[in-house]
Every structure is written in structure tokens, then in C-alpha cells.
Amino acid sequence: MFSTIFKSPNVIKKISSNIPEFCLSHWLLRIPLAIVFIQQGLSKFPVSVEDAESYGLPFLVWWIVSYGELGAGVGLLIGGLVLGRTVSSEFGDLFTRFSGITICSIATGVIWLGEPESFIDVLLYDNLHVFLWVGGLYFGLRGNRV
């Protein structure tokens with residue numbers, strides 16, 4: 001029975017056209033990604049030299065990462081709130097793209113600090129950071145054109 005239903009392209013097109021479009025689905029990715037980065041950024045405050053040294057990082061790098069995580073999370077939310085066909089929507093798109101690239105940069109640094117033996121080790125054992133990296137890449141490449 002199913003094979004005869006799905007052989008006809010008109011039936012599939014009809015079923016597909018009856019499914020409503022959820023144009024705000026980018027929020028299902030945007031909100032959790034922003035929450036993770038805001039939480040990680042806030043957990044580093046107050047920014048101190050001792051915390052930087054415990055990870056083997058210079059203080060300047062630690063400061064940039066701390067504020068970068070917080071800023072990327074907030075920027076991802078602000079960028080998503082500025083939608084529409086106005087001049088400000090272009091700023092929202094830039095906020096989203098810059099936040100996405102910042103997320104990618106920070107996630108790349110975290111993966112490198114783990115000193116994985118191979119790319120496969122990163123994919124198998126550091127999948128949280130890979131997912132964060134892919135989420136940042138998505139928003140960096142797509143911006144608000146979702």
C-alpha cells in the first residue's frame with residue numbers, strides 16, 4: 001500500500017504542501033547555543049591571571065575568550081531579534097554572522113587545547129565542541145537568512 005502511495009509525485013507534493021512551515025525554527029538552534037556560550041562566558045568572571053595560567057593561556061587570550069563567549073551568546077540573541085526589511089536588519093545579520101564566527105574561533109581553540117591525536121579523535125570524543133563549532137559555522141555562514 002505504501003509503495004503505491006509514494007510512487008505518485010503528486011501525492012508526495014500534496015502531503016508536503018500541507019505541512020506548515022515553521023519559519024522561526026532557527027531559534028531552536030540559536031537559543032541553546034547562546035545559552036551555552038553566555039553561561040561559559042559568565043563562569044569565567046571575574047577574569048583573573050590565575051585562571052588563565054591554570055589553562056596554560058596568556059591573560060590576554062583568556063580575557064578575549066571570556067568576553068568573546070559572553071559577547072557571542074548575547075550577539076546571537078540580539079542578531080536574531082533584529083529581523084525585518086529595515087536597515088537595522090542588516091546590522092542584525094552582521095551581529096549573527098560575527099557571533100557565529102566568534103563561536104567557531106573559540107570552539108576551535110578549545111579543540112586545539114585538548115591536543116587530540118587525530119581528526120577522528122575529535123569527532124569521536126569531543127563531539128560537544130564539534131556541535132558548538134558546527135552551530136557557530138551555521139550562523140556565521142547563514143546569518144539571519146534562515
# chains A, B, ... in the order shown; residues from 1 in each chain; ligands from 1
>>> residues_around(residues="Arg145 in chain A", least_positions_apart="6", cutoff="10 Å", atoms="only C-alpha atoms", output="compact mmCIF listing (two decimals) with C-alpha atoms, in the first residue's frame")
# COMPACT_ATOMS: atom_id res chain seq x y z
CA HIS A 26 16.33 28.93 13.78
CA LEU A 83 14.65 40.84 11.74
CA ASP A 93 22.58 39.87 10.16
CA THR A 96 24.59 37.00 13.89
CA PHE A 139 25.12 31.15 11.85
>>> residues_around(residues="range 52-63 of chain A", least_positions_apart="5", cutoff="12 Å", atoms="only C-alpha atoms", output="list in words")
Gly41, Leu42, Lys44, Phe45, Pro46, Val47, Gly68, Glu69, Leu70, Gly71, Ile106, Gly109, Val110, Leu113 and Gly114 of chain A
>>> closest_residue(among="A:Pro32, A:Pro20, A:Gly75, A:Gly100", to="Arg142 in chain A", atoms="only C-alpha atoms")
A:Gly100
>>> closest_residue(among="A:Leu132, A:Leu76, A:Val36, A:Leu123", to="Ala107 in chain A", atoms="only C-alpha atoms")
A:Leu132
>>> residues_around(residues="Leu77 in chain A", least_positions_apart="2", cutoff="9 Å", atoms="only C-alpha atoms", output="PDB file with C-alpha atoms, in the first residue's frame")
ATOM      1  CA  TRP A  27      15.510  29.806  17.398  1.00  0.00           C
ATOM      2  CA  ARG A  30      20.051  29.853  18.340  1.00  0.00           C
ATOM      3  CA  ILE A  31      18.769  29.857  21.952  1.00  0.00           C
ATOM      4  CA  ALA A  34      23.589  31.294  23.003  1.00  0.00           C
ATOM      5  CA  ALA A  72      28.933  35.839  21.051  1.00  0.00           C
ATOM      6  CA  GLY A  73      26.000  34.472  23.038  1.00  0.00           C
ATOM      7  CA  VAL A  74      24.398  37.868  23.544  1.00  0.00           C
ATOM      8  CA  GLY A  75      25.132  38.853  19.939  1.00  0.00           C
ATOM      9  CA  GLY A  79      21.068  39.455  15.963  1.00  0.00           C
ATOM     10  CA  GLY A  80      18.058  37.160  15.862  1.00  0.00           C
ATOM     11  CA  LEU A  81      15.765  39.753  17.380  1.00  0.00           C
ATOM     12  CA  VAL A  82      16.581  42.286  14.674  1.00  0.00           C
ATOM     13  CA  PHE A  95      25.675  40.561  14.587  1.00  0.00           C
ATOM     14  CA  THR A  96      24.590  36.995  13.888  1.00  0.00           C
TER      15      THR A  96
END
>>> atom_distance(atom1="CA of Leu94 in chain A", atom2="CA of Asn144 in chain A")
8.4 Å
>>> residues_around(residues="Leu141 in chain A", least_positions_apart="3", cutoff="9 Å", atoms="only C-alpha atoms", output="PyMOL selection string")
chain A and resi 97+100-101+136-138
